[in-house]
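S.K.: Pasting query08.cif below, which is mmCIF, C-alpha atoms.
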data_start
#
loop_
_atom_site.label_atom_id
_atom_site.label_comp_id
_atom_site.auth_asym_id
_atom_site.auth_seq_id
_atom_site.Cartn_x
_atom_site.Cartn_y
_atom_site.Cartn_z
CA MET A 1 0.00 0.00 0.00
CA VAL A 2 1.08 3.56 -0.68
CA ARG A 3 -0.20 6.83 0.68
CA ILE A 4 -1.54 9.26 -1.89
CA VAL A 5 -2.91 12.77 -1.59
CA GLN A 6 -5.86 14.05 -3.59
CA ARG A 7 -7.53 17.46 -3.68
CA ASN A 8 -11.03 18.34 -4.77
CA THR A 9 -11.99 21.34 -6.88
CA ARG A 10 -12.07 23.54 -3.76
CA GLY A 11 -8.50 22.56 -2.87
CA THR A 12 -9.46 20.41 0.12
CA GLN A 13 -6.81 17.74 0.70
CA TYR A 14 -7.59 14.07 1.37
CA GLU A 15 -5.12 11.28 2.11
CA TYR A 16 -5.67 7.68 1.06
CA LEU A 17 -4.04 4.27 1.27
CA LYS A 18 -4.02 2.60 -2.13
CA CYS A 19 -2.71 -0.66 -3.61
CA THR A 20 0.79 -0.07 -4.98
CA ARG A 21 0.17 -2.10 -8.15
CA PHE A 22 -3.08 -0.30 -8.87
CA ASN A 23 -1.43 3.06 -8.21
CA ASN A 24 1.31 2.21 -10.72
CA GLY A 25 -1.24 1.41 -13.42
CA ALA A 26 -0.92 -2.38 -13.30
CA ASP A 27 -3.89 -4.71 -13.48
CA CYS A 28 -5.14 -5.34 -9.96
CA GLU A 29 -8.49 -6.16 -8.43
CA ASN A 30 -7.66 -4.22 -5.28
CA THR A 31 -8.94 -0.85 -6.47
CA THR A 32 -10.36 0.17 -3.10
CA MET A 33 -8.87 3.23 -1.41
CA TYR A 34 -8.92 3.86 2.34
CA ARG A 35 -9.02 7.26 4.03
CA TYR A 36 -5.67 7.41 5.78
CA ASP A 37 -6.13 10.89 7.24
CA ASN A 38 -9.27 9.80 9.09
CA PHE A 39 -7.53 6.68 10.35
CA GLU A 40 -4.43 8.52 11.53
CA ARG A 41 -6.40 10.98 13.63
CA ALA A 42 -8.51 8.23 15.19
CA ALA A 43 -5.56 5.92 15.82
CA LEU A 44 -3.44 8.58 17.49
CA ASP A 45 -6.37 9.52 19.72
CA ARG A 46 -6.45 5.93 20.98
CA ILE A 47 -2.80 5.04 21.44
CA LEU A 48 -0.59 8.13 21.53
CA HIS A 49 -0.84 8.49 25.31
CA LEU A 50 0.19 4.83 25.63
CA ALA A 51 3.00 4.99 23.09
CA LEU A 52 4.57 8.19 24.39
CA ASP A 53 6.00 6.95 27.67
CA ASN A 54 8.47 8.87 29.82
CA SER A 55 11.46 7.80 27.72
CA HIS A 56 10.29 10.05 24.87
CA PHE A 57 10.51 13.14 27.07
CA VAL A 58 13.98 12.63 28.57
CA LYS A 59 16.26 15.67 28.48
CA SER A 60 19.62 13.92 28.46
CA ASP A 61 21.61 17.17 28.47
CA GLU A 62 20.08 18.12 31.83
CA THR A 63 20.14 14.82 33.71
CA GLY A 64 23.93 14.74 34.29
CA PRO A 65 24.26 18.09 36.10
CA LEU A 66 21.07 17.47 38.04
CA LEU A 67 22.28 14.06 39.20
CA GLY A 68 25.39 15.75 40.60
CA GLN A 69 23.32 18.45 42.26
CA VAL A 70 20.99 15.93 43.89
CA ALA A 71 23.95 13.90 45.16
CA GLN A 72 25.61 17.00 46.63
CA LEU A 73 22.44 18.23 48.32
CA SER A 74 21.66 14.75 49.64
CA LYS A 75 25.07 14.67 51.29
CA GLU A 76 24.53 18.14 52.74
CA VAL A 77 21.16 17.16 54.20
CA GLU A 78 22.68 13.98 55.61
CA LEU A 79 25.45 15.95 57.36
CA LEU A 80 23.04 18.52 58.79
CA GLU A 81 20.71 15.79 60.03
CA GLY A 82 23.73 14.14 61.66
CA GLU A 83 24.59 17.39 63.44
CA ARG A 84 21.02 17.76 64.64
CA SER A 85 20.98 14.18 65.88
CA ASN A 86 24.20 14.73 67.82
CA LEU A 87 22.82 17.89 69.43
CA MET A 88 19.60 16.15 70.41
CA THR A 89 21.58 13.25 71.89
CA PHE A 90 23.68 15.72 73.91
CA ILE A 91 20.55 17.50 75.19
CA ARG A 92 18.89 14.25 76.20
CA LYS A 93 22.02 13.15 78.04
CA TYR A 94 23.12 16.39 79.71
CA GLY A 95 20.10 18.65 79.45
CA GLU A 96 19.72 21.95 77.61
CA ASP A 97 22.21 24.76 77.92
CA GLU A 98 22.58 28.10 76.20
CA ASP A 99 25.26 27.00 73.72
CA THR A 100 23.49 23.87 72.47
CA GLU A 101 20.22 25.76 72.18
CA LYS A 102 21.90 28.42 70.02
CA GLU A 103 23.50 25.78 67.82
CA LEU A 104 20.17 24.02 67.40
CA LEU A 105 18.41 27.27 66.51
CA LYS A 106 21.05 28.04 63.85
CA LEU A 107 20.89 24.50 62.47
CA ARG A 108 17.13 24.27 61.95
CA PRO A 109 16.79 26.88 59.13
CA LYS A 110 19.91 25.49 57.43
CA LEU A 111 18.42 22.00 57.42
CA ALA A 112 15.04 23.27 56.23
CA GLU A 113 16.64 25.18 53.35
CA ALA A 114 18.82 22.22 52.35
CA ARG A 115 15.79 19.92 52.31
CA LYS A 116 13.88 22.42 50.18
CA GLN A 117 16.73 22.68 47.68
CA LEU A 118 17.03 18.89 47.55
CA ALA A 119 13.31 18.49 46.87
CA GLU A 120 13.47 21.08 44.08
CA ALA A 121 16.54 19.45 42.53
CA GLN A 122 14.93 16.00 42.71
CA GLU A 123 11.77 17.33 41.06
CA ALA A 124 13.85 18.91 38.29
CA LEU A 125 15.70 15.62 37.81
CA ASP A 126 12.45 13.68 37.61
CA ARG A 127 11.20 16.05 34.93
CA ALA A 128 14.47 15.78 33.01
CA LYS A 129 14.02 12.00 33.11
CA GLY A 130 10.56 12.44 31.64
CA ASN A 131 8.58 11.63 34.78
CA ALA A 132 5.23 13.37 35.10
CA THR A 133 1.86 13.16 36.79
CA PRO A 134 -1.01 11.67 34.74
CA GLU A 135 -2.34 15.19 34.13
CA GLU A 136 1.06 16.48 33.02
CA HIS A 137 1.59 13.46 30.78
CA LEU A 138 -1.76 14.01 29.06
CA ALA A 139 -0.91 17.69 28.53
CA ARG A 140 2.44 16.94 26.89
CA VAL A 141 0.92 14.19 24.73
CA LEU A 142 -1.66 16.68 23.46
CA GLU A 143 1.16 19.14 22.82
CA VAL A 144 3.00 16.58 20.67
CA LYS A 145 -0.21 15.70 18.86
CA ASP A 146 -0.80 19.36 17.99
CA ALA A 147 2.81 19.73 16.88
CA ILE A 148 2.36 16.97 14.29
CA THR A 149 0.35 19.39 12.15
CA SER A 150 2.28 22.53 13.07
CA GLU A 151 2.88 25.10 10.35
CA ASP A 152 6.50 25.29 11.49
CA ASP A 153 8.45 22.66 9.56
CA GLU A 154 11.08 22.00 12.25
CA THR A 155 8.45 21.63 14.98
CA ARG A 156 6.34 19.34 12.80
CA GLN A 157 9.26 17.12 11.78
CA GLU A 158 10.52 16.76 15.36
CA ALA A 159 7.04 15.83 16.59
CA ARG A 160 6.59 13.27 13.81
CA ARG A 161 9.96 11.68 14.61
CA THR A 162 8.92 11.39 18.25
CA VAL A 163 5.56 9.87 17.33
CA ARG A 164 7.12 7.54 14.76
CA ASP A 165 9.55 6.11 17.31
CA ALA A 166 6.80 5.78 19.89
CA ILE A 167 4.39 4.07 17.50
CA ARG A 168 7.05 1.55 16.50
CA SER A 169 7.23 0.38 20.09
CA ILE A 170 3.52 -0.34 20.50
CA VAL A 171 1.79 -0.98 17.13
CA SER A 172 2.01 -4.58 15.93
CA LEU A 173 -0.05 -4.55 12.76
CA VAL A 174 -2.39 -2.42 10.68
CA SER A 175 -4.60 -4.13 8.11
CA CYS A 176 -7.05 -2.82 5.51
CA GLU A 177 -10.10 -4.88 4.54
CA ARG A 178 -13.12 -4.44 2.30
CA GLU A 179 -16.49 -6.13 2.26
CA TYR A 180 -18.97 -5.79 -0.56
CA VAL A 181 -22.53 -5.22 0.59
CA PRO A 182 -25.38 -6.38 -1.68
CA GLY A 183 -27.06 -3.46 -3.38
CA LYS A 184 -24.21 -1.04 -2.71
CA LYS A 185 -21.58 -0.02 -5.23
CA THR A 186 -18.98 1.07 -2.70
CA PRO A 187 -17.61 -1.66 -0.40
CA LYS A 188 -17.51 -1.36 3.36
CA ARG A 189 -13.95 -0.39 4.27
CA THR A 190 -12.34 -1.21 7.60
CA ILE A 191 -8.87 -0.48 8.98
CA THR A 192 -7.82 -2.62 11.94
CA MET A 193 -4.91 -1.81 14.24
CA PHE A 194 -3.28 -4.15 16.76
CA ALA A 195 -1.11 -2.72 19.54
CA ALA A 196 0.54 -3.64 22.85
CA GLY A 197 1.53 -7.12 21.75
CA ASN A 198 -1.85 -7.48 20.03
CA HIS A 199 -3.62 -7.17 23.37
CA LEU A 200 -5.23 -3.99 22.07
CA LYS A 201 -7.33 -4.06 18.92
CA TYR A 202 -9.11 -1.15 17.26
CA GLU A 203 -11.38 -1.34 14.23
CA PHE A 204 -12.20 1.86 12.36
CA ASP A 205 -14.58 2.56 9.50
CA ASN A 206 -13.53 4.71 6.56
CA ASP A 207 -14.62 7.86 8.39
CA GLY A 208 -12.34 7.15 11.36
CA ASN A 209 -15.09 6.00 13.72
CA GLN A 210 -14.20 3.11 16.02
CA ILE A 211 -16.58 0.25 15.30
CA GLY A 212 -15.00 -2.56 17.30
CA GLY A 213 -11.97 -3.86 19.12
CA TRP A 214 -10.78 -5.27 22.41
CA ASP A 215 -8.57 -4.56 25.40
CA MET A 216 -6.96 -7.74 26.72
CA ARG A 217 -3.98 -6.17 28.50
CA GLU A 218 -4.98 -7.62 31.87
CA PHE A 219 -4.47 -11.14 30.48
CA ALA A 220 -0.80 -10.41 29.79
CA THR A 221 -0.05 -10.09 33.51
CA SER A 222 -2.49 -12.71 34.81
CA ASP A 223 -1.23 -15.75 36.73
CA GLU A 224 -4.23 -17.82 35.65
CA PRO A 225 -3.08 -20.51 33.16
CA ILE A 226 -6.14 -20.08 30.92
CA PHE A 227 -5.61 -16.31 30.68
CA LYS A 228 -1.87 -16.73 30.08
CA ALA A 229 -2.60 -19.20 27.29
CA PHE A 230 -5.13 -16.84 25.75
CA SER A 231 -2.63 -13.98 25.99
CA GLU A 232 -0.07 -16.02 24.08
CA GLU A 233 -2.65 -16.97 21.47
CA ILE A 234 -3.79 -13.43 20.69
CA SER A 235 -0.19 -12.28 20.42
CA GLU A 236 -0.26 -13.69 16.88
CA PRO A 237 -3.66 -12.84 15.36
CA ASN A 238 -4.63 -14.78 12.26
CA GLU A 239 -6.24 -12.22 10.01
CA ALA A 240 -8.27 -13.47 7.03
CA GLN A 241 -6.12 -12.39 4.08
CA PRO A 242 -6.14 -8.61 4.59
CA LEU A 243 -5.73 -6.51 1.48
CA ALA A 244 -2.69 -4.84 2.95
CA LYS A 245 -0.60 -4.73 6.09
CA VAL A 246 1.08 -1.41 6.73
CA ALA A 247 3.20 -0.22 9.61
CA LEU A 248 1.79 3.01 10.96
CA ALA A 249 5.30 4.07 11.91
CA ASP A 250 6.45 3.90 8.30
CA VAL A 251 3.55 5.98 7.07
CA LEU A 252 4.25 8.58 9.74
CA ARG A 253 7.64 9.19 8.16
CA ARG A 254 6.03 11.57 5.72
CA SER A 255 5.43 15.16 6.69
CA LYS A 256 2.45 17.36 6.22
CA SER A 257 4.32 19.31 3.56
CA GLU A 258 4.57 16.37 1.19
CA PRO A 259 2.48 16.73 -2.00
#
Would you put the structure from the file into structure tokens?

M.R.:
Amino acid sequence: MVRIVQRNTRGTQYEYLKCTRFNNGADCENTTMYRYDNFERAALDRILHLALDNSHFVKSDETGPLLGQVAQLSKEVELLEGERSNLMTFIRKYGEDEDTEKELLKLRPKLAEARKQLAEAQEALDRAKGNATPEEHLARVLEVKDAITSEDDETRQEARRTVRDAIRSIVSLVSCEREYVPGKKTPKRTITMFAAGNHLKYEFDNDGNQIGGWDMREFATSDEPIFKAFSEEISEPNEAQPLAKVALADVLRRSKSEP
């Protein structure tokens, strides 16, 4: 299958998947075309938040210095806590006096400030490693999704590279199928996508609406023999001679600016 772009008389652009032989003018019975643009939008809505894990948001140029900063501050906090512990031990053993009380009063704000700096450095390190709350993760996924269609070429290309690499790690198979319906000239067109070791299945119609699928991810981690066996079985789905099998990652190589 190849991706082609067509425009109507008003200049509206549509993207399709089409049999390579048919597109090259050779004789082929597979003349059906599938709306790729509708499929891409629907597919990314379903799996992008799963595909884009923390590893795709790592800032490697920041992690090194932050690791050193966290280590240094951790040592500083450890030393200050040791001093406080020694002072408290002295007070418990000999009672309070003016000197130890002064030392303790000076130590408390130092320890509080060191702990604050350590917490801030650790948070910065976590972010540099790509860690985020569910809300933050959703926000950055939506940001990447918007960037895929950015008018800025560099932003768009970087986002598509990120998505391409992420999709490769989760999508197993995409298949296109047609079914002729009696009394209708145009066949029913379906694009099916398997992901997460085929434990996720999504079926879309030609307009990008999800019309079926499954979520069997819980079986992959089950200790029940019957569920484990089923998990292994669905990891290799036996599709009934699909018209085409295309890797979504490969199609995502193209940019919006392509003709």

S.K.: Return the single residue from A:Ala121, A:Ile148, A:Leu173, A:Val77 that is closest to Pro109 (chain A), with distances computed using all atoms listed in the file.

M.R.: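 Smallest separation from Pro109 (chain A) among the options: A:Val77.
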
S.K.: Which residues, written as a list in words, have at least one atom at most 10 Å from Ala119 (chain A), with all atoms listed in the file counted and residues fewer than 4 positions away on the same chain left out?

M.R.: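 Close residues of Ala119 (chain A): Val70, Leu73, Ser74, Glu113, Ala114, Arg115, Glu123, Ala124 and Leu125 of chain A.
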
S.K.: As an exercise, work out the distance from CA of Asn38 (chain A) to CA of Asp207 (chain A) in Å and give it to one decimal place.

M.R.: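 These atoms are spaced 5.7 Å apart.
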
S.K.: Taking only C-alpha atoms into account, name the residue in A:Arg178, A:Arg10, A:Arg3, A:Arg217 that is nearest to Asn198 (chain A).

M.R.: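 Residue with the minimum atom-to-atom distance to Asn198 (chain A): A:Arg217.
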
S.K.: With all atoms listed in the file as the basis for distance, which of A:Tyr180, A:Phe39, A:Phe219, A:Phe227 is at the shortest distance from Met193 (chain A)?

M.R.: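 The answer is A:Phe39, which sits nearest to Met193 (chain A).
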
S.K.: Considering all atoms listed in the file, can you say which of A:Leu66, A:Ile4, A:Ile191, A:Val163 comes closest to Gln122 (chain A)?

M.R.: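 Once distances to Gln122 (chain A) are computed over all atoms listed in the file, the minimum belongs to A:Leu66.
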
S.K.: Would you kindly return, as an MDAnalysis selection string, each protein, DNA or RNA residue with an atom no farther than 7 Å from any atom of Thr32 (chain A), considering only C-alpha atoms and excluding same-chain residues fewer than 2 positions away?

M.R.: chainID A and resid 18 30 34

S.K.: Considering all atoms listed in the file, return as JSON, numbers by chain whatever protein or nucleic-acid residues lie within 8 Å of Ala220 (chain A), sequence-local ones (same chain, fewer than 4 positions apart) excluded.

M.R.: {"A": [199, 216, 227, 228, 231]}

S.K.: Quick one: apply the PyMOL selection byres ((chain A and resi 48) around 10) to the file and drop the selected residues here as a list of chain:residue names.

M.R.: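 Against this file, the PyMOL selection byres ((chain A and resi 48) around 10) returns the residues A:Ala43, A:Leu44, A:Asp45, A:Arg46, A:Ile47, A:His49, A:Leu50, A:Ala51, A:Leu52, A:Asp53, A:Leu138, A:Val141, A:Leu142, A:Val144, A:Lys145, A:Val163, A:Ala166, A:Ile167, A:Ile170.
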
S.K.: Give as a list in words the residues that the PyMOL selection byres ((chain A and resi 147) around 12) matches when applied to the coordinates above.

M.R.: Arg140, Val141, Leu142, Glu143, Val144, Lys145, Asp146, Ile148, Thr149, Ser150, Glu151, Asp152, Asp153, Glu154, Thr155, Arg156, Gln157, Glu158, Ala159, Arg160, Arg161, Thr162, Val163, Ser255 and Lys256 of chain A

S.K.: Would you work out the distance separating CA of Asp205 (chain A) from CA of Ala42 (chain A), expressed in Å to one decimal?

M.R.: 10.1 Å
